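J.: Provided below: target09.txt, containing compact mmCIF, N, CA and C atoms.
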# COMPACT_ATOMS: atom_id res chain seq x y z
N PRO L 1 -10.65 -14.70 -10.63
CA PRO L 1 -9.31 -14.91 -10.06
C PRO L 1 -8.97 -16.40 -9.97
N ASP L 2 -7.69 -16.70 -10.08
CA ASP L 2 -7.23 -18.08 -9.97
C ASP L 2 -7.01 -18.50 -8.53
N HIS L 3 -6.85 -17.54 -7.61
CA HIS L 3 -6.55 -17.85 -6.20
C HIS L 3 -7.30 -16.89 -5.30
N ASP L 4 -7.60 -17.37 -4.09
CA ASP L 4 -8.07 -16.45 -3.06
C ASP L 4 -6.86 -16.00 -2.25
N LEU L 5 -7.05 -15.13 -1.27
CA LEU L 5 -5.91 -14.63 -0.50
C LEU L 5 -5.17 -15.74 0.23
N ALA L 6 -5.90 -16.68 0.78
CA ALA L 6 -5.28 -17.77 1.55
C ALA L 6 -4.46 -18.70 0.66
N GLY L 7 -4.86 -18.85 -0.60
CA GLY L 7 -4.18 -19.79 -1.48
C GLY L 7 -3.27 -19.16 -2.51
N ALA L 8 -3.01 -17.89 -2.38
CA ALA L 8 -2.18 -17.19 -3.36
C ALA L 8 -0.74 -17.68 -3.30
N PRO L 9 -0.10 -17.89 -4.44
CA PRO L 9 1.30 -18.33 -4.45
C PRO L 9 2.23 -17.19 -4.03
N ASP L 10 3.47 -17.55 -3.69
CA ASP L 10 4.48 -16.54 -3.37
C ASP L 10 4.75 -15.69 -4.61
N ILE L 11 5.00 -14.41 -4.41
CA ILE L 11 5.28 -13.51 -5.52
C ILE L 11 6.52 -12.68 -5.20
N ASP L 12 7.15 -12.13 -6.23
CA ASP L 12 8.34 -11.28 -6.08
C ASP L 12 8.00 -9.79 -6.09
N ILE L 13 6.89 -9.45 -6.73
CA ILE L 13 6.51 -8.04 -6.91
C ILE L 13 5.05 -7.89 -6.52
N ILE L 14 4.78 -6.85 -5.74
CA ILE L 14 3.38 -6.52 -5.46
C ILE L 14 3.15 -5.09 -5.92
N LEU L 15 2.12 -4.90 -6.72
CA LEU L 15 1.71 -3.59 -7.20
C LEU L 15 0.30 -3.35 -6.68
N VAL L 16 0.16 -2.36 -5.82
CA VAL L 16 -1.13 -2.05 -5.22
C VAL L 16 -1.74 -0.89 -6.00
N PRO L 17 -2.80 -1.15 -6.74
CA PRO L 17 -3.40 -0.08 -7.52
C PRO L 17 -4.24 0.83 -6.64
N GLY L 18 -4.50 2.01 -7.13
CA GLY L 18 -5.38 2.94 -6.43
C GLY L 18 -6.63 3.16 -7.23
N GLY L 19 -7.24 4.28 -6.99
CA GLY L 19 -8.45 4.62 -7.72
C GLY L 19 -9.70 4.24 -6.95
N ARG L 20 -10.77 4.06 -7.69
CA ARG L 20 -12.04 3.72 -7.07
C ARG L 20 -11.93 2.41 -6.31
N GLY L 21 -12.53 2.39 -5.15
CA GLY L 21 -12.51 1.18 -4.34
C GLY L 21 -11.47 1.18 -3.25
N THR L 22 -10.55 2.14 -3.28
CA THR L 22 -9.49 2.18 -2.27
C THR L 22 -10.07 2.30 -0.87
N GLU L 23 -11.01 3.21 -0.68
CA GLU L 23 -11.59 3.39 0.65
C GLU L 23 -12.32 2.14 1.11
N GLU L 24 -12.94 1.44 0.18
CA GLU L 24 -13.64 0.19 0.52
C GLU L 24 -12.65 -0.86 1.02
N VAL L 25 -11.49 -0.94 0.38
CA VAL L 25 -10.47 -1.91 0.79
C VAL L 25 -9.87 -1.54 2.14
N LEU L 26 -9.77 -0.24 2.44
CA LEU L 26 -9.24 0.19 3.74
C LEU L 26 -10.05 -0.38 4.89
N ALA L 27 -11.30 -0.72 4.65
CA ALA L 27 -12.17 -1.26 5.69
C ALA L 27 -12.14 -2.79 5.75
N LYS L 28 -11.21 -3.41 5.00
CA LYS L 28 -11.14 -4.87 4.96
C LYS L 28 -9.80 -5.34 5.52
N PRO L 29 -9.76 -5.63 6.84
CA PRO L 29 -8.50 -6.02 7.48
C PRO L 29 -7.83 -7.23 6.84
N ALA L 30 -8.59 -8.16 6.32
CA ALA L 30 -7.99 -9.37 5.71
C ALA L 30 -7.12 -8.99 4.52
N ILE L 31 -7.55 -8.03 3.72
CA ILE L 31 -6.76 -7.61 2.56
C ILE L 31 -5.52 -6.85 3.01
N LEU L 32 -5.67 -5.97 3.98
CA LEU L 32 -4.51 -5.23 4.49
C LEU L 32 -3.50 -6.17 5.13
N ASP L 33 -3.97 -7.19 5.84
CA ASP L 33 -3.06 -8.19 6.42
C ASP L 33 -2.32 -8.94 5.33
N TRP L 34 -3.04 -9.31 4.25
CA TRP L 34 -2.40 -10.01 3.14
C TRP L 34 -1.34 -9.12 2.49
N ILE L 35 -1.67 -7.85 2.29
CA ILE L 35 -0.69 -6.92 1.71
C ILE L 35 0.55 -6.86 2.59
N ALA L 36 0.37 -6.72 3.89
CA ALA L 36 1.50 -6.60 4.81
C ALA L 36 2.36 -7.86 4.79
N THR L 37 1.74 -9.01 4.87
CA THR L 37 2.47 -10.29 4.88
C THR L 37 3.18 -10.53 3.55
N THR L 38 2.49 -10.29 2.47
CA THR L 38 3.05 -10.52 1.14
C THR L 38 4.18 -9.55 0.83
N ALA L 39 3.98 -8.27 1.15
CA ALA L 39 4.99 -7.25 0.86
C ALA L 39 6.30 -7.53 1.60
N ALA L 40 6.21 -8.11 2.77
CA ALA L 40 7.41 -8.42 3.56
C ALA L 40 8.31 -9.43 2.85
N GLN L 41 7.75 -10.20 1.93
CA GLN L 41 8.50 -11.24 1.21
C GLN L 41 8.87 -10.83 -0.21
N CYS L 42 8.39 -9.68 -0.66
CA CYS L 42 8.60 -9.26 -2.04
C CYS L 42 9.91 -8.49 -2.22
N ARG L 43 10.49 -8.63 -3.41
CA ARG L 43 11.67 -7.82 -3.76
C ARG L 43 11.27 -6.40 -4.09
N TRP L 44 10.12 -6.22 -4.70
CA TRP L 44 9.62 -4.90 -5.08
C TRP L 44 8.22 -4.71 -4.50
N VAL L 45 8.01 -3.57 -3.85
CA VAL L 45 6.69 -3.18 -3.37
C VAL L 45 6.38 -1.84 -4.01
N THR L 46 5.30 -1.79 -4.76
CA THR L 46 4.96 -0.59 -5.51
C THR L 46 3.48 -0.26 -5.37
N SER L 47 3.16 0.99 -5.64
CA SER L 47 1.75 1.38 -5.69
C SER L 47 1.58 2.44 -6.76
N VAL L 48 0.36 2.60 -7.16
CA VAL L 48 -0.01 3.65 -8.09
C VAL L 48 -1.11 4.46 -7.42
N CYS L 49 -0.94 5.76 -7.47
CA CYS L 49 -1.98 6.67 -7.02
C CYS L 49 -2.36 6.40 -5.57
N THR L 50 -3.64 6.25 -5.29
CA THR L 50 -4.12 6.10 -3.92
C THR L 50 -3.83 4.72 -3.33
N GLY L 51 -3.22 3.84 -4.08
CA GLY L 51 -2.76 2.57 -3.53
C GLY L 51 -1.75 2.78 -2.42
N ALA L 52 -1.09 3.95 -2.41
CA ALA L 52 -0.15 4.29 -1.35
C ALA L 52 -0.85 4.32 0.01
N GLU L 53 -2.12 4.70 0.03
CA GLU L 53 -2.87 4.70 1.28
C GLU L 53 -3.03 3.28 1.82
N LEU L 54 -3.24 2.33 0.92
CA LEU L 54 -3.37 0.93 1.35
C LEU L 54 -2.06 0.43 1.93
N LEU L 55 -0.95 0.78 1.29
CA LEU L 55 0.36 0.37 1.82
C LEU L 55 0.61 1.01 3.18
N ALA L 56 0.24 2.26 3.34
CA ALA L 56 0.42 2.93 4.63
C ALA L 56 -0.42 2.26 5.71
N ASP L 57 -1.66 1.93 5.39
CA ASP L 57 -2.51 1.27 6.38
C ASP L 57 -2.03 -0.14 6.70
N ALA L 58 -1.33 -0.77 5.75
CA ALA L 58 -0.75 -2.09 6.00
C ALA L 58 0.60 -1.97 6.71
N ASP L 59 0.98 -0.75 7.07
CA ASP L 59 2.23 -0.44 7.78
C ASP L 59 3.47 -0.76 6.95
N ILE L 60 3.36 -0.62 5.63
CA ILE L 60 4.51 -0.78 4.74
C ILE L 60 5.23 0.56 4.71
N ARG L 61 6.49 0.56 5.05
CA ARG L 61 7.21 1.83 5.21
C ARG L 61 8.06 2.23 4.02
N GLU L 62 8.42 1.29 3.17
CA GLU L 62 9.24 1.62 2.00
C GLU L 62 8.61 1.00 0.76
N PHE L 63 8.37 1.85 -0.23
CA PHE L 63 7.80 1.35 -1.48
C PHE L 63 8.02 2.37 -2.58
N TYR L 64 7.92 1.89 -3.81
CA TYR L 64 8.00 2.76 -4.98
C TYR L 64 6.59 3.23 -5.32
N LEU L 65 6.47 4.50 -5.70
CA LEU L 65 5.16 5.09 -5.94
C LEU L 65 5.12 5.76 -7.30
N GLY L 66 4.13 5.40 -8.09
CA GLY L 66 3.86 6.08 -9.35
C GLY L 66 2.62 6.93 -9.17
N VAL L 67 2.71 8.22 -9.51
CA VAL L 67 1.57 9.09 -9.20
C VAL L 67 1.20 10.02 -10.34
N GLY L 68 -0.06 10.37 -10.35
CA GLY L 68 -0.59 11.49 -11.11
C GLY L 68 -0.98 12.54 -10.08
N GLU L 69 -1.81 13.49 -10.45
CA GLU L 69 -2.18 14.54 -9.49
C GLU L 69 -2.94 13.99 -8.29
N THR L 70 -3.89 13.09 -8.53
CA THR L 70 -4.63 12.49 -7.42
C THR L 70 -3.67 11.74 -6.50
N GLY L 71 -2.70 11.06 -7.08
CA GLY L 71 -1.73 10.33 -6.28
C GLY L 71 -0.85 11.26 -5.46
N ARG L 72 -0.52 12.42 -6.00
CA ARG L 72 0.28 13.38 -5.23
C ARG L 72 -0.49 13.84 -3.99
N ARG L 73 -1.77 14.10 -4.15
CA ARG L 73 -2.59 14.47 -2.98
C ARG L 73 -2.64 13.31 -2.00
N SER L 74 -2.81 12.10 -2.52
CA SER L 74 -2.85 10.92 -1.67
C SER L 74 -1.53 10.73 -0.93
N PHE L 75 -0.42 10.97 -1.65
CA PHE L 75 0.89 10.79 -1.02
C PHE L 75 1.08 11.79 0.10
N ARG L 76 0.57 13.02 -0.08
CA ARG L 76 0.63 13.98 1.03
C ARG L 76 -0.13 13.43 2.23
N ASP L 77 -1.27 12.78 1.99
CA ASP L 77 -2.02 12.16 3.08
C ASP L 77 -1.20 11.06 3.74
N VAL L 78 -0.48 10.27 2.94
CA VAL L 78 0.35 9.19 3.48
C VAL L 78 1.47 9.78 4.34
N LYS L 79 2.09 10.86 3.87
CA LYS L 79 3.16 11.47 4.67
C LYS L 79 2.60 11.97 6.00
N THR L 80 1.41 12.53 6.00
CA THR L 80 0.78 12.95 7.25
C THR L 80 0.53 11.74 8.13
N TYR L 81 0.05 10.67 7.53
CA TYR L 81 -0.20 9.42 8.25
C TYR L 81 1.10 8.90 8.87
N ARG L 82 2.18 8.96 8.10
CA ARG L 82 3.47 8.49 8.60
C ARG L 82 3.89 9.31 9.82
N ARG L 83 3.67 10.61 9.79
CA ARG L 83 4.04 11.43 10.94
C ARG L 83 3.20 11.06 12.16
N ARG L 84 1.91 10.79 11.95
CA ARG L 84 1.05 10.40 13.06
C ARG L 84 1.52 9.09 13.68
N LYS L 85 1.99 8.16 12.84
CA LYS L 85 2.44 6.86 13.35
C LYS L 85 3.90 6.90 13.80
N ARG L 86 4.54 8.05 13.64
CA ARG L 86 5.93 8.25 14.01
C ARG L 86 6.87 7.31 13.27
N TRP L 87 6.65 7.20 11.98
CA TRP L 87 7.54 6.42 11.13
C TRP L 87 8.82 7.20 10.94
N SER L 88 9.92 6.49 10.79
CA SER L 88 11.16 7.18 10.42
C SER L 88 11.18 7.36 8.92
N ALA L 89 11.81 8.44 8.50
CA ALA L 89 11.85 8.75 7.06
C ALA L 89 12.90 7.92 6.35
In structure tokens, write the structure found in this file.

T.:
Amino acid sequence: PDHDLAGAPDIDIILVPGGRGTEEVLAKPAILDWIATTAAQCRWVTSVCTGAELLADADIREFYLGVGETGRRSFRDVKTYRRRKRWSA
């Protein structure tokens, strides 16, 4: 990588990938904090598959989601998570 989280430049689009490693990232508050801070400044916030779980844990409430079957199951988990946190739809 060219930058660490602290030195990353401003960006317009954030795409949070899913797949293997998602659960590992969920246990890293520094990455979730970076996602939350960065997404607040982006024009586009997107995820693929289980990356939606990372956005939900970072308390991102609106984003574009690209999914396959695994992502659909993950998105159902995110919707359940949203209900638990009492997010508005």

J.: Can you work out the spacing between atom CA of L:Gln41 and atom CA of L:Asp12 in Å, to one decimal?

T.: 7.3 Å

J.: In Å, how far is it from atom CA of L:Ala40 to atom N of L:Ala56?

T.: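 Between these atoms lies a distance of 12.9 Å.
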
J.: For stretch 28-33 of chain L, work out the shell of residues within 8 Å, counting only N, CA and C atoms and skipping chain neighbours fewer than 6 positions away, then give it as a ChimeraX atom specification.

T.: /L:5,39,54-55,57-59

J.: For atom N of L:Ile60 and atom CA of L:His3, quote the distance in Å rounded to one decimal.

T.: 23.1 Å

J.: Can you tell me, as a PyMOL selection string, what residues are no more than 7 Å from L:Val45 when counting all atoms listed in the file, ignoring any on the same chain fewer than 3 positions away?

T.: chain L and resi 12-16+39+42+62-65

J.: Calculated over only N, CA and C atoms, which of the candidates L:Pro17, L:Ile11, L:Ala6, L:Glu23 has the smallest distance to L:Thr46?

T.: L:Pro17

J.: Fix up stretch 46-57 of chain L with all heavy atoms, then write it as a compact mmCIF listing (two decimals), in the frame of the given file.

T.:
# COMPACT_ATOMS: atom_id res chain seq x y z
N THR L 46 5.30 -1.79 -4.76
CA THR L 46 4.96 -0.59 -5.51
C THR L 46 3.48 -0.26 -5.37
O THR L 46 2.67 -1.13 -5.03
CB THR L 46 5.27 -0.75 -7.01
OG1 THR L 46 4.42 -1.75 -7.56
CG2 THR L 46 6.71 -1.14 -7.24
N SER L 47 3.16 0.99 -5.64
CA SER L 47 1.75 1.38 -5.69
C SER L 47 1.58 2.44 -6.76
O SER L 47 2.54 3.07 -7.19
CB SER L 47 1.28 1.91 -4.34
OG SER L 47 1.83 3.18 -4.09
N VAL L 48 0.36 2.60 -7.16
CA VAL L 48 -0.01 3.65 -8.09
C VAL L 48 -1.11 4.46 -7.42
O VAL L 48 -2.05 3.90 -6.85
CB VAL L 48 -0.52 3.07 -9.42
CG1 VAL L 48 -1.00 4.17 -10.35
CG2 VAL L 48 0.55 2.23 -10.08
N CYS L 49 -0.94 5.76 -7.47
CA CYS L 49 -1.98 6.67 -7.02
C CYS L 49 -2.36 6.40 -5.57
O CYS L 49 -1.50 6.30 -4.70
CB CYS L 49 -3.16 6.57 -7.98
SG CYS L 49 -4.31 7.94 -7.90
N THR L 50 -3.64 6.25 -5.29
CA THR L 50 -4.12 6.10 -3.92
C THR L 50 -3.83 4.72 -3.33
O THR L 50 -4.11 4.48 -2.16
CB THR L 50 -5.63 6.38 -3.83
OG1 THR L 50 -6.31 5.52 -4.73
CG2 THR L 50 -5.92 7.84 -4.16
N GLY L 51 -3.22 3.84 -4.08
CA GLY L 51 -2.76 2.57 -3.53
C GLY L 51 -1.75 2.78 -2.42
O GLY L 51 -1.57 1.94 -1.54
N ALA L 52 -1.09 3.95 -2.41
CA ALA L 52 -0.15 4.29 -1.35
C ALA L 52 -0.85 4.32 0.01
O ALA L 52 -0.25 3.98 1.03
CB ALA L 52 0.49 5.65 -1.63
N GLU L 53 -2.12 4.70 0.03
CA GLU L 53 -2.87 4.70 1.28
C GLU L 53 -3.03 3.28 1.82
O GLU L 53 -2.97 3.05 3.03
CB GLU L 53 -4.22 5.36 1.09
CG GLU L 53 -4.14 6.84 0.78
CD GLU L 53 -5.50 7.46 0.58
OE1 GLU L 53 -6.46 7.04 1.26
OE2 GLU L 53 -5.60 8.37 -0.25
N LEU L 54 -3.24 2.33 0.92
CA LEU L 54 -3.37 0.93 1.35
C LEU L 54 -2.06 0.43 1.93
O LEU L 54 -2.05 -0.26 2.95
CB LEU L 54 -3.82 0.05 0.19
CG LEU L 54 -5.19 0.39 -0.40
CD1 LEU L 54 -5.47 -0.46 -1.63
CD2 LEU L 54 -6.28 0.20 0.64
N LEU L 55 -0.95 0.78 1.29
CA LEU L 55 0.36 0.37 1.82
C LEU L 55 0.61 1.01 3.18
O LEU L 55 1.12 0.36 4.10
CB LEU L 55 1.47 0.73 0.84
CG LEU L 55 1.48 -0.09 -0.45
CD1 LEU L 55 2.55 0.43 -1.40
CD2 LEU L 55 1.70 -1.56 -0.17
N ALA L 56 0.24 2.26 3.34
CA ALA L 56 0.42 2.93 4.63
C ALA L 56 -0.42 2.26 5.71
O ALA L 56 0.06 2.02 6.81
CB ALA L 56 0.06 4.41 4.52
N ASP L 57 -1.66 1.93 5.39
CA ASP L 57 -2.51 1.27 6.38
C ASP L 57 -2.03 -0.14 6.70
O ASP L 57 -2.27 -0.64 7.80
CB ASP L 57 -3.96 1.23 5.91
CG ASP L 57 -4.79 2.32 6.53
OD1 ASP L 57 -4.23 3.39 6.81
OD2 ASP L 57 -5.99 2.10 6.76
